[in-house]
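Source file start.cif; content: mmCIF, C-alpha atoms.
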```
data_structure
loop_
_atom_site.group_PDB
_atom_site.id
_atom_site.type_symbol
_atom_site.label_atom_id
_atom_site.label_comp_id
_atom_site.auth_asym_id
_atom_site.auth_seq_id
_atom_site.Cartn_x
_atom_site.Cartn_y
_atom_site.Cartn_z
ATOM 1 C CA MET G 1 0.000 0.000 0.000
ATOM 2 C CA ALA G 2 1.359 3.368 -0.958
ATOM 3 C CA ILE G 3 2.290 5.700 1.873
ATOM 4 C CA ALA G 4 0.548 9.046 1.767
ATOM 5 C CA HIS G 5 2.939 11.969 2.135
ATOM 6 C CA ARG G 6 1.632 14.946 4.033
ATOM 7 C CA ARG G 7 2.386 18.255 2.407
ATOM 8 C CA ALA G 8 4.334 20.566 4.695
ATOM 9 C CA LYS G 9 2.347 23.528 5.901
ATOM 10 C CA PRO G 10 3.624 26.983 4.961
ATOM 11 C CA ALA G 11 5.435 28.894 7.677
ATOM 12 C CA PRO G 12 3.167 30.978 9.901
ATOM 13 C CA ASP G 13 2.817 34.533 8.716
ATOM 14 C CA PHE G 14 3.909 36.557 11.732
ATOM 15 C CA PRO G 15 6.922 38.750 12.558
ATOM 16 C CA LEU G 16 10.024 36.780 13.560
ATOM 17 C CA PRO G 17 12.422 37.879 16.328
ATOM 18 C CA TYR G 18 16.060 38.652 15.688
ATOM 19 C CA THR G 19 18.121 35.595 16.652
ATOM 20 C CA THR G 20 21.723 36.023 17.757
ATOM 21 C CA VAL G 21 24.466 34.114 19.549
ATOM 22 C CA ASP G 22 26.854 35.858 21.972
ATOM 23 C CA VAL G 23 30.010 34.382 23.490
ATOM 24 C CA VAL G 24 31.531 35.340 26.844
ATOM 25 C CA ILE G 25 35.235 34.606 26.237
ATOM 26 C CA PHE G 26 37.322 34.342 29.418
ATOM 27 C CA THR G 27 41.089 34.219 29.781
ATOM 28 C CA ILE G 28 43.824 34.920 32.337
ATOM 29 C CA LEU G 29 46.240 37.755 31.528
ATOM 30 C CA ASP G 30 48.602 39.566 33.901
ATOM 31 C CA LYS G 31 47.297 37.378 36.759
ATOM 32 C CA ALA G 32 43.753 38.698 36.303
ATOM 33 C CA LEU G 33 40.532 37.225 34.941
ATOM 34 C CA LYS G 34 39.663 38.980 31.679
ATOM 35 C CA VAL G 35 36.794 38.955 29.190
ATOM 36 C CA LEU G 36 36.893 39.808 25.496
ATOM 37 C CA LEU G 37 34.766 42.760 24.380
ATOM 38 C CA VAL G 38 34.178 44.408 21.011
ATOM 39 C CA GLN G 39 33.394 48.068 20.512
ATOM 40 C CA ARG G 40 30.280 48.731 18.478
ATOM 41 C CA PRO G 41 30.429 51.098 15.465
ATOM 42 C CA GLY G 42 29.965 54.777 16.153
ATOM 43 C CA HIS G 43 27.154 55.303 13.625
ATOM 44 C CA GLU G 44 24.183 57.108 15.142
ATOM 45 C CA ASP G 45 21.712 54.732 13.483
ATOM 46 C CA ASP G 46 23.439 51.704 15.041
ATOM 47 C CA PRO G 47 22.129 50.344 18.379
ATOM 48 C CA PHE G 48 24.312 51.491 21.285
ATOM 49 C CA PRO G 49 26.922 53.291 19.133
ATOM 50 C CA SER G 50 30.524 53.128 20.397
ATOM 51 C CA LEU G 51 29.618 51.078 23.487
ATOM 52 C CA TRP G 52 31.478 47.880 24.303
ATOM 53 C CA ALA G 53 29.674 44.540 24.002
ATOM 54 C CA LEU G 54 30.190 40.805 24.088
ATOM 55 C CA PRO G 55 31.281 39.336 20.735
ATOM 56 C CA GLY G 56 28.503 37.699 18.768
ATOM 57 C CA GLY G 57 26.075 38.241 15.960
ATOM 58 C CA PHE G 58 23.142 36.945 13.999
ATOM 59 C CA VAL G 59 22.674 33.256 13.273
ATOM 60 C CA ASN G 60 23.595 32.529 9.649
ATOM 61 C CA VAL G 61 21.195 29.825 8.436
ATOM 62 C CA ASP G 62 23.499 29.029 5.511
ATOM 63 C CA LEU G 63 26.604 28.520 7.676
ATOM 64 C CA ASP G 64 25.442 27.469 11.139
ATOM 65 C CA ALA G 65 24.051 23.954 11.571
ATOM 66 C CA ASP G 66 23.003 24.786 15.127
ATOM 67 C CA LEU G 67 23.600 27.287 17.931
ATOM 68 C CA LEU G 68 26.865 25.659 18.963
ATOM 69 C CA ALA G 69 28.201 25.948 15.407
ATOM 70 C CA CYS G 70 27.340 29.647 15.417
ATOM 71 C CA ALA G 71 29.134 30.141 18.750
ATOM 72 C CA GLN G 72 32.204 28.313 17.444
ATOM 73 C CA ARG G 73 32.201 30.459 14.303
ATOM 74 C CA LYS G 74 32.008 33.684 16.317
ATOM 75 C CA LEU G 75 34.814 32.490 18.563
ATOM 76 C CA ARG G 76 37.070 31.724 15.595
ATOM 77 C CA GLU G 77 36.291 35.086 13.998
ATOM 78 C CA LYS G 78 37.405 37.007 17.106
ATOM 79 C CA THR G 79 40.343 34.917 18.349
ATOM 80 C CA GLY G 80 41.395 32.658 15.483
ATOM 81 C CA VAL G 81 41.215 29.573 17.719
ATOM 82 C CA ASP G 82 38.738 26.912 18.740
ATOM 83 C CA SER G 83 38.000 27.069 22.449
ATOM 84 C CA PRO G 84 39.310 24.281 24.627
ATOM 85 C CA TYR G 85 36.041 24.688 26.546
ATOM 86 C CA LEU G 86 32.681 26.005 25.346
ATOM 87 C CA GLU G 87 29.477 25.745 27.398
ATOM 88 C CA GLN G 88 25.953 27.046 26.864
ATOM 89 C CA LEU G 89 25.080 29.625 29.496
ATOM 90 C CA GLY G 90 21.443 30.463 28.752
ATOM 91 C CA SER G 91 19.072 32.536 26.635
ATOM 92 C CA TRP G 92 17.885 36.117 26.935
ATOM 93 C CA GLY G 93 14.973 37.572 24.987
ATOM 94 C CA GLY G 94 12.452 40.384 24.936
ATOM 95 C CA MET G 95 11.091 43.375 23.099
ATOM 96 C CA ALA G 96 13.189 45.919 25.017
ATOM 97 C CA ARG G 97 16.728 44.494 24.784
ATOM 98 C CA ASP G 98 17.331 45.662 21.185
ATOM 99 C CA PRO G 99 15.854 48.932 19.825
ATOM 100 C CA ARG G 100 15.541 47.330 16.373
ATOM 101 C CA GLY G 101 12.835 44.959 17.581
ATOM 102 C CA TRP G 102 12.030 41.782 19.506
ATOM 103 C CA SER G 103 15.223 39.776 19.857
ATOM 104 C CA ALA G 104 16.549 36.617 21.470
ATOM 105 C CA THR G 105 20.186 35.736 22.089
ATOM 106 C CA HIS G 106 21.639 32.367 23.032
ATOM 107 C CA VAL G 107 24.797 32.751 25.095
ATOM 108 C CA TYR G 108 27.858 30.518 25.487
ATOM 109 C CA PHE G 109 30.948 31.024 27.588
ATOM 110 C CA ALA G 110 34.415 29.985 26.462
ATOM 111 C CA LEU G 111 37.752 29.481 28.211
ATOM 112 C CA ILE G 112 40.987 29.995 26.291
ATOM 113 C CA PRO G 113 44.646 30.536 27.243
ATOM 114 C CA GLY G 114 45.402 34.224 26.698
ATOM 115 C CA ALA G 115 48.992 33.849 25.565
ATOM 116 C CA ASP G 116 49.704 34.271 21.868
ATOM 117 C CA ILE G 117 46.098 35.063 20.913
ATOM 118 C CA ALA G 118 45.853 37.488 18.004
ATOM 119 C CA LEU G 119 42.537 39.331 18.342
ATOM 120 C CA THR G 120 40.491 40.269 15.268
ATOM 121 C CA LYS G 121 37.935 43.047 15.553
ATOM 122 C CA GLY G 122 35.947 42.077 12.448
ATOM 123 C CA ALA G 123 34.220 44.229 9.860
ATOM 124 C CA ASN G 124 31.401 45.458 12.124
ATOM 125 C CA ALA G 125 33.482 46.400 15.182
ATOM 126 C CA ALA G 126 35.419 49.570 15.938
ATOM 127 C CA ASP G 127 37.842 47.796 18.271
ATOM 128 C CA VAL G 128 38.407 44.611 20.292
ATOM 129 C CA ALA G 129 40.212 44.192 23.628
ATOM 130 C CA TRP G 130 40.490 42.251 26.870
ATOM 131 C CA PHE G 131 38.877 43.839 29.954
ATOM 132 C CA ASP G 132 39.317 43.172 33.668
ATOM 133 C CA ILE G 133 36.258 41.344 35.035
ATOM 134 C CA ASP G 134 36.157 43.049 38.435
ATOM 135 C CA GLU G 135 36.298 46.514 36.858
ATOM 136 C CA LEU G 136 33.412 45.686 34.529
ATOM 137 C CA LEU G 137 31.281 44.271 37.329
ATOM 138 C CA ALA G 138 31.920 47.359 39.456
ATOM 139 C CA ALA G 139 30.803 49.764 36.694
ATOM 140 C CA PRO G 140 28.534 47.899 34.234
ATOM 141 C CA GLN G 141 28.071 49.936 31.035
ATOM 142 C CA LEU G 142 27.878 47.379 28.253
ATOM 143 C CA ALA G 143 25.532 47.492 25.253
ATOM 144 C CA PHE G 144 22.184 45.695 25.199
ATOM 145 C CA ASP G 145 21.775 43.521 28.323
ATOM 146 C CA HIS G 146 25.372 42.313 28.136
ATOM 147 C CA SER G 147 26.260 43.558 31.634
ATOM 148 C CA GLU G 148 23.595 41.246 33.048
ATOM 149 C CA ILE G 149 24.785 38.383 30.844
ATOM 150 C CA LEU G 150 28.417 38.920 31.876
ATOM 151 C CA ALA G 151 27.506 38.906 35.585
ATOM 152 C CA THR G 152 25.641 35.629 35.092
ATOM 153 C CA ALA G 153 28.601 34.104 33.256
ATOM 154 C CA VAL G 154 31.080 35.123 35.959
ATOM 155 C CA GLU G 155 28.793 33.684 38.640
ATOM 156 C CA ARG G 156 28.507 30.408 36.702
ATOM 157 C CA LEU G 157 32.272 30.209 36.175
ATOM 158 C CA ARG G 158 33.188 30.938 39.784
ATOM 159 C CA SER G 159 30.621 28.523 41.181
ATOM 160 C CA LYS G 160 31.862 25.695 38.938
ATOM 161 C CA VAL G 161 35.486 26.430 39.800
ATOM 162 C CA GLU G 162 34.689 25.586 43.426
ATOM 163 C CA TYR G 163 34.119 21.914 42.601
ATOM 164 C CA THR G 164 35.565 21.162 39.119
ATOM 165 C CA SER G 165 38.819 21.154 37.147
ATOM 166 C CA LEU G 166 37.506 23.888 34.837
ATOM 167 C CA PRO G 167 40.399 26.407 35.357
ATOM 168 C CA ALA G 168 42.825 23.989 33.693
ATOM 169 C CA PHE G 169 41.268 24.966 30.352
ATOM 170 C CA LEU G 170 42.628 28.496 30.870
ATOM 171 C CA LEU G 171 46.236 27.278 30.783
ATOM 172 C CA THR G 172 48.609 26.477 27.946
ATOM 173 C CA GLU G 173 49.897 22.925 28.277
ATOM 174 C CA PRO G 174 52.085 21.739 29.840
ATOM 175 C CA PHE G 175 51.513 23.568 33.122
ATOM 176 C CA THR G 176 52.683 23.075 36.696
ATOM 177 C CA LEU G 177 50.545 22.598 39.795
ATOM 178 C CA PRO G 178 51.573 26.027 41.195
ATOM 179 C CA GLN G 179 50.459 27.614 37.902
ATOM 180 C CA LEU G 180 47.151 25.774 38.106
ATOM 181 C CA GLN G 181 46.642 26.864 41.713
ATOM 182 C CA GLN G 182 47.330 30.469 40.766
ATOM 183 C CA VAL G 183 44.608 30.284 38.082
ATOM 184 C CA TYR G 184 42.150 28.853 40.609
ATOM 185 C CA GLU G 185 42.916 31.659 43.029
ATOM 186 C CA THR G 186 42.655 34.302 40.306
ATOM 187 C CA VAL G 187 39.215 33.132 39.202
ATOM 188 C CA LEU G 188 37.912 32.654 42.750
ATOM 189 C CA GLY G 189 39.421 35.918 43.997
ATOM 190 C CA ARG G 190 40.870 34.233 47.099
ATOM 191 C CA GLY G 191 43.608 31.832 48.142
ATOM 192 C CA VAL G 192 43.200 28.078 48.560
ATOM 193 C CA ASP G 193 45.142 25.724 50.816
ATOM 194 C CA LYS G 194 48.312 24.605 48.994
ATOM 195 C CA SER G 195 48.680 21.074 50.391
ATOM 196 C CA GLY G 196 44.982 20.329 50.040
ATOM 197 C CA PHE G 197 45.001 21.670 46.490
ATOM 198 C CA ARG G 198 47.872 19.451 45.383
ATOM 199 C CA THR G 199 46.285 16.380 46.958
ATOM 200 C CA ARG G 200 42.956 17.028 45.250
ATOM 201 C CA MET G 201 44.438 17.675 41.818
ATOM 202 C CA LEU G 202 46.482 14.482 41.806
ATOM 203 C CA ALA G 203 43.781 12.310 43.397
ATOM 204 C CA ALA G 204 41.216 13.315 40.752
ATOM 205 C CA GLN G 205 43.318 11.592 38.049
ATOM 206 C CA PHE G 206 42.546 14.133 35.314
ATOM 207 C CA LEU G 207 46.206 15.113 34.812
ATOM 208 C CA ILE G 208 48.929 13.325 32.850
ATOM 209 C CA GLU G 209 52.606 13.938 33.594
ATOM 210 C CA ALA G 210 54.299 15.661 30.653
ATOM 211 C CA GLY G 211 57.910 15.842 31.847
ATOM 212 C CA HIS G 212 59.769 18.565 33.697
ATOM 213 C CA VAL G 213 59.339 22.225 32.782
ATOM 214 C CA ASP G 214 60.727 25.465 34.196
ATOM 215 C CA GLY G 215 59.084 26.235 37.531
ATOM 216 C CA SER G 216 58.423 29.523 39.321
ATOM 217 C CA SER G 217 61.536 29.114 41.488
ATOM 218 C CA ASN G 218 63.852 28.523 38.502
ATOM 219 C CA ARG G 219 63.963 24.833 39.375
ATOM 220 C CA PRO G 220 62.483 22.115 37.168
ATOM 221 C CA ALA G 221 58.912 21.197 38.077
ATOM 222 C CA MET G 222 56.626 18.503 36.795
ATOM 223 C CA GLY G 223 54.450 19.626 33.909
ATOM 224 C CA TYR G 224 50.974 18.260 33.291
ATOM 225 C CA ARG G 225 48.436 17.908 30.504
ATOM 226 C CA LEU G 226 44.728 17.135 30.651
ATOM 227 C CA ALA G 227 43.900 13.464 30.216
ATOM 228 C CA ASP G 228 40.526 14.330 28.668
ATOM 229 C CA ARG G 229 39.634 17.662 27.059
ATOM 230 C CA SER G 230 35.956 16.858 26.513
ATOM 231 C CA GLY G 231 34.990 18.426 29.840
ATOM 232 C CA PRO G 232 36.044 19.083 33.457
ATOM 233 C CA VAL G 233 36.034 16.517 36.249
ATOM 234 C CA VAL G 234 33.867 17.050 39.325
ATOM 235 C CA PHE G 235 35.411 16.998 42.812
ATOM 236 C CA PRO G 236 33.559 15.525 45.821
ATOM 237 C CA ARG G 237 33.686 18.793 47.799
ATOM 238 C CA THR G 238 34.468 22.480 47.381
ATOM 239 C CA PHE G 239 37.794 24.158 48.169
ATOM 240 C CA SER G 240 38.734 25.361 51.642
ATOM 241 C CA PRO G 241 40.166 28.882 51.906
ATOM 242 C CA ARG G 242 43.886 29.186 52.602
ATOM 243 C CA GLY G 243 44.689 28.602 56.270
ATOM 244 C CA HIS G 244 41.552 26.480 56.976
#
```

In structure tokens, how does this file's structure come out?
Amino acid sequence: MAIAHRRAKPAPDFPLPYTTVDVVIFTILDKALKVLLVQRPGHEDDPFPSLWALPGGFVNVDLDADLLACAQRKLREKTGVDSPYLEQLGSWGGMARDPRGWSATHVYFALIPGADIALTKGANAADVAWFDIDELLAAPQLAFDHSEILATAVERLRSKVEYTSLPAFLLTEPFTLPQLQQVYETVLGRGVDKSGFRTRMLAAQFLIEAGHVDGSSNRPAMGYRLADRSGPVVFPRTFSPRGH
């Protein structure tokens, strides 16, 4: 018996929202947690002219198979690299967030080592630069609702750092345990107990020895690489502050 094929219904005839993807790109530079921002064009007819914003843009239905592909494309356009870690943060939408009309953005956050990254501002940006996280949180003045999105991303990152190996994705391999501890402390904004940190890192079995490298005290130290770059490992408890 022949199978009857149902004819696809035409798309509903109603206004569609703008659909974008934004990426919160974190790194460590000069012993500080930084985020990548792009400066919007200074044209008066452009939304939020000359203000700084998170990198992102409209979904390209011809290039992007899904939201993740769009986020990866935006990341490559701004940094020239694929992120060692990329996670979906959430979605923001409404009629008031973009003066051009109802819009929805799907946000990812990325972690990349800051060394040797050549930034690219792109055709639609006036400039691109790394900014100190704490300074931005203290005086939020980003375009659209990007200050709110950034605060959410920082909260997500810092909460996950308390119980995962996530900061390792901010380091160029191989790295030493003191370097890894420094990254943890930079992201958390506080010290952690040195002996307890070393014990936890080695017991979690997510590191592979990579031979000796130059240490902070000019003596050779053991270097490490991640055993699995598909995602962080989860620790059984959070970190204790230094001295506890």

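Shown here are all protein and nucleic acid residues lying within 8 Å of (47.3, 25.1, 33.6), with only C-alpha atoms considered: G:Pro167, G:Ala168, G:Phe169, G:Leu170, G:Leu171, G:Thr172, G:Glu173, G:Pro174, G:Phe175, G:Thr176, G:Leu177, G:Gln179, G:Leu180, G:Val183, G:Tyr224, G:Arg225.
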
Identify the residues within 8 Å of coordinate (36.5, 35.9, 16.0) (same frame as the file), considering all atoms listed in the file, and give the answer as an NGL selection string.
-> :G and (55 or 73-80 or 119-122)

Could you jot down the CA of Ile149 (chain G) to CA of Phe235 (chain G) separation for me, Å, one decimal place?
->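 CA of Ile149 (chain G) sits 26.7 Å away from CA of Phe235 (chain G).
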
Which residues come within 10 Å of Pro41 (chain G), counting all atoms listed in the file, excluding same-chain residues fewer than 2 positions away, as number ranges by chain?
-> G: 38-39, 43-52, 123-127

Apply the PyMOL selection byres ((chain G and resi 88) around 9) to the displayed file and report the matching residues as a list in words.
->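 On this input, the PyMOL selection byres ((chain G and resi 88) around 9) captures Leu68, Leu86, Glu87, Leu89, Gly90, Ser91, His106, Val107, Tyr108, Phe109 and Ala110 of chain G.
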
Separation of CA of Asp98 (chain G) and CA of Gly42 (chain G), in Å?
->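 Answer for the CA of Asp98 (chain G) to CA of Gly42 (chain G) separation: 16.4 Å.
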
Calculate how many Å separate CA of Thr19 (chain G) from CA of Val61 (chain G), rounding to one decimal.
->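 Computed distance, CA of Thr19 (chain G) to CA of Val61 (chain G), equals 10.5 Å.
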
Residues returned when the PyMOL selection byres ((chain G and resi 113) around 9) runs on this file, as a PyMOL selection string | chain G and resi 26-29+83-84+111-112+114-117+169-172

Which one is closest to Gln182 (chain G): G:Val24, G:Leu137, G:Leu150, G:Ala32? Count only C-alpha atoms.
->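 Nearest to Gln182 (chain G): G:Ala32.
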
For Glu148 (chain G), which residue out of G:Leu54, G:Ala129, G:Leu16, G:Leu67 is the nearest one, using all atoms listed in the file?
->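 Nearest to Glu148 (chain G): G:Leu54.
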
Would you write out, as a ChimeraX atom specification, every residue that the PyMOL selection byres ((chain G and resi 210) around 6) captures in this file?
-> /G:209,211,223-224

Let me see the file: selected residues, C-alpha atoms, as a PDB file, keeping the file's coordinate frame.
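part_8.pdb written:
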```
ATOM      1  CA  GLU G 209      52.606  13.938  33.594  1.00  0.00           C
ATOM      2  CA  GLY G 211      57.910  15.842  31.847  1.00  0.00           C
ATOM      3  CA  GLY G 223      54.450  19.626  33.909  1.00  0.00           C
ATOM      4  CA  TYR G 224      50.974  18.260  33.291  1.00  0.00           C
TER       5      TYR G 224
END
```

Kindly compute an axis-aligned box around the listed atoms of region 155-165 of chain G, allowing 6 Å on each side, and express its centre and edge lengths in Å to one decimal as AutoDock Vina command-line options.
```
--center_x 33.7 --center_y 27.4 --center_z 39.8 --size_x 22.3 --size_y 24.5 --size_z 19.3
```

Please identify all polymer residues within 8 Å of Gly56 (chain G), counting all atoms listed in the file, omitting same-chain residues fewer than 2 positions from it, and present them as a short mmCIF file (atom, residue, chain, number, x, y, z; two decimals) with C-alpha atoms, in the coordinates of the input.
```
data_model
loop_
_atom_site.label_atom_id
_atom_site.label_comp_id
_atom_site.auth_asym_id
_atom_site.auth_seq_id
_atom_site.Cartn_x
_atom_site.Cartn_y
_atom_site.Cartn_z
CA THR G 20 21.72 36.02 17.76
CA VAL G 21 24.47 34.11 19.55
CA ASP G 22 26.85 35.86 21.97
CA VAL G 23 30.01 34.38 23.49
CA LEU G 54 30.19 40.80 24.09
CA PHE G 58 23.14 36.94 14.00
CA ALA G 71 29.13 30.14 18.75
CA LYS G 74 32.01 33.68 16.32
#
```

Within 9 Å of Phe131 (chain G), counting all atoms listed in the file, which residues qualify if same-chain residues fewer than 5 places away don't, as a PyMOL selection string?
-> chain G and resi 33-37+136

Contacts of region 200-206 of chain G at 9 Å or less, counting only C-alpha atoms, minus same-chain residues fewer than 5 places along, as a PyMOL selection string?
-> chain G and resi 165+177+195+225-228+232-235

Measuring atom to atom with only C-alpha atoms, identify which of G:Pro140, G:Gly57, G:Gly101, G:Pro178 is nearest to Pro15 (chain G).
-> G:Gly101
